[in-house]
Amino acid sequence: AILANQIAAGEVVERPASVIKELVENSIDAGATDILIELDKGGHKRMLIRDNGKGIPKEELSLALSRHATSKIQDIDDLESITSLGFRGEALASISSVSRLTLTSKTADQTEAWQAHSEGRDMQIQLNPAAHPKGCSVEVLDLFFNTPARRKFLKAEKTEFQHIEEIIKRIALSHYEVAFTLKHNGRVVHRFPAVVEELKHKRIANVCGQGFVDTSIAIHGEFEGVVITGWCNAVGQGRRTNDLQYSFVNGRMMKDKVIIHAIRQAFEGMIDSQTYPSFVLFITMPPDELDINVHPAKHEVRFHKTRQVHDLIYKSISDALLLSAS
Ligand code: ADP
Ligand code: MG
């Protein structure tokens, strides 16, 4: 089981940012409304994720660290209609196999919090009483301490931090109802307060800058259960980077060729081939109309009705462009 964990770790845990992604997604799956992410030295040294979600019951703490222990799928048919972010039950096991991990949690009906600690290959998990409000904290120390080859591939502190910052931004864009605080080396770097749906643009401005919101057109489109909302612009004519391109499908961040193609097509004639439109796009659709389990890192999606999704994005942006021109 240990070997299997380390192989899985190679797929899920590439760098500190992939750890952060998995852990923050777990917090969101647990219904957290407030998530703190604390890092030391770009996450190499220490990462702490603290949430106020439903927590893990004492008797499930060790189980949560074992491979293929997920509380999110009851049987294989559930795979078809997944709505939670994580579902393979691999993240915690993988991360703990390549770090010193401490999981501390309290559920609403426990009077005491409990803590499980594991160190790399040594999967002897000890349980101890601890102090913690309702919710869960995961502390990851010395990532890759027992896999020197992998450790060697870690980049400079600043680079790893930038990857983490990018992950947090993406997650913050798709979960405006959750508050996020990001601290690095003891300093608060980002604070994104929770906002209600109608004030979603405040979160977008908070993450992407007021300038982006001010220069963007709002998009809205709907067809046969597929809904598209968001903001996009092509005003950055001189803009040659594509770092402000965010798309989310049912709350999951993904960069899909179909989406990008549709957006480019809508802007055809307005931008040259070197310019990238900027966008924050949210797509929701019935879960049985897409495949999300195509890659362990879960970055990819396959739409069953590719044409329909493509055309809806294209039409929504074209309509918004016409409206803004009139
Ligand atoms: P997955 O998310 O794919 O189910 P993980 O390895 O990421 O697998 O997590 C294993 C299990 O631990 C989850 O199914 C969940 O029950 C529990 N868990 C993990 N993180 C949290 C959290 N922050 N709050 C509550 N439960 C959690
Ligand atoms: Mg998970």
# chains A, B, ... in the order shown; residues from 1 in each chain; ligands from 1
$ select_by_dssp --residues "segment 75-167 of chain A" --states "strand (DSSP E or B)" --output "ChimeraX atom specification"
/A:100-106,113-119,122-130,135-141
$ closest_residue --among "A:Val140, A:Met253, A:Ile283, A:Ile317" --to "Gln265 of chain A" --atoms "only C-alpha atoms"
A:Ile317
$ closest_atom_pairs --of "segment 19-43 of chain A" --to "segment 177-192 of chain A" --cutoff "7 Å" --atoms "only C-alpha atoms" --output "CSV"
residue,atom,partner,partner_atom,distance
A:Thr33,CA,A:Val178,CA,4.4
A:Asp34,CA,A:Ala179,CA,4.6
A:Ile35,CA,A:Phe180,CA,5.0
A:Leu36,CA,A:Thr181,CA,4.9
A:Ile37,CA,A:Leu182,CA,4.9
A:Glu38,CA,A:Lys183,CA,4.7
A:Leu39,CA,A:His184,CA,4.8
A:Asp40,CA,A:Asn185,CA,4.8
A:Lys41,CA,A:Asn185,CA,6.5
$ closest_residue --among "A:Asp272, A:Ile95, A:Glu59, A:Val258" --to "ligand 2" --atoms "only C-alpha atoms and all ligand atoms"
A:Ile95
$ residues_around --residues "Cys208 of chain A" --least-positions-apart "3" --cutoff "9 Å" --atoms "only C-alpha atoms" --output "PDB file with N, CA and C atoms, in the first residue's frame"
ATOM      1  N   LYS A 169      -6.080  31.851  -6.406  1.00  0.00           N
ATOM      2  CA  LYS A 169      -6.896  32.782  -7.197  1.00  0.00           C
ATOM      3  C   LYS A 169      -7.976  32.033  -7.963  1.00  0.00           C
ATOM      4  N   LEU A 173     -11.977  32.452  -7.354  1.00  0.00           N
ATOM      5  CA  LEU A 173     -12.884  32.927  -8.402  1.00  0.00           C
ATOM      6  C   LEU A 173     -14.123  32.053  -8.518  1.00  0.00           C
ATOM      7  N   ARG A 203     -15.573  39.998  -5.916  1.00  0.00           N
ATOM      8  CA  ARG A 203     -14.557  38.954  -5.809  1.00  0.00           C
ATOM      9  C   ARG A 203     -13.675  38.953  -7.050  1.00  0.00           C
ATOM     10  N   ILE A 204     -14.334  39.070  -8.232  1.00  0.00           N
ATOM     11  CA  ILE A 204     -13.564  39.086  -9.479  1.00  0.00           C
ATOM     12  C   ILE A 204     -12.574  40.254  -9.458  1.00  0.00           C
ATOM     13  N   ALA A 205     -13.054  41.421  -9.013  1.00  0.00           N
ATOM     14  CA  ALA A 205     -12.189  42.601  -8.945  1.00  0.00           C
ATOM     15  C   ALA A 205     -11.069  42.394  -7.928  1.00  0.00           C
ATOM     16  N   GLY A 211      -9.516  46.945 -12.779  1.00  0.00           N
ATOM     17  CA  GLY A 211      -9.329  47.276 -14.189  1.00  0.00           C
ATOM     18  C   GLY A 211      -9.945  46.231 -15.107  1.00  0.00           C
ATOM     19  N   PHE A 212      -9.807  44.982 -14.756  1.00  0.00           N
ATOM     20  CA  PHE A 212     -10.359  43.908 -15.579  1.00  0.00           C
ATOM     21  C   PHE A 212     -11.878  44.005 -15.631  1.00  0.00           C
ATOM     22  N   VAL A 213     -12.494  44.184 -14.466  1.00  0.00           N
ATOM     23  CA  VAL A 213     -13.960  44.260 -14.407  1.00  0.00           C
ATOM     24  C   VAL A 213     -14.448  45.490 -15.174  1.00  0.00           C
ATOM     25  N   LEU A 244      -4.656  35.860 -17.797  1.00  0.00           N
ATOM     26  CA  LEU A 244      -5.979  36.149 -17.247  1.00  0.00           C
ATOM     27  C   LEU A 244      -7.033  35.382 -18.044  1.00  0.00           C
TER      28      LEU A 244
END
$ atom_distance --atom1 "atom CA of Ser118 of chain A" --atom2 "atom CA of Glu60 of chain A"
14.5 Å
$ closest_residue --among "A:Arg170, A:His163, A:Lys200, A:Arg264" --to "Ser247 of chain A" --atoms "only C-alpha atoms"
A:Arg170
$ select_by_dssp --residues "segment 209-310 of chain A" --states "helix (DSSP H, G or I)" --output "list in words"
Gln210, Gly211, Phe212, Val213, Asp214, Thr215, Lys257, Val258, Ile259, Ile260, His261, Ala262, Ile263, Arg264, Gln265, Ala266, Pro287, Asp288, Glu289, Thr306, Arg307, Gln308, Val309 and His310 of chain A
$ atom_distance --atom1 "atom CA of Thr306 of chain A" --atom2 "atom CA of Asp256 of chain A"
10.9 Å
$ residues_around --residues "Ala17 of chain A" --least-positions-apart "5" --cutoff "8 Å" --atoms "only C-alpha atoms" --output "list in words"
Gly43, Glu160, Phe161, His163, Ile164 and Ile167 of chain A
$ closest_residue --among "A:Lys158, A:His175, A:Arg100, A:Lys255" --to "Gly31 of chain A" --atoms "only C-alpha atoms"
A:His175
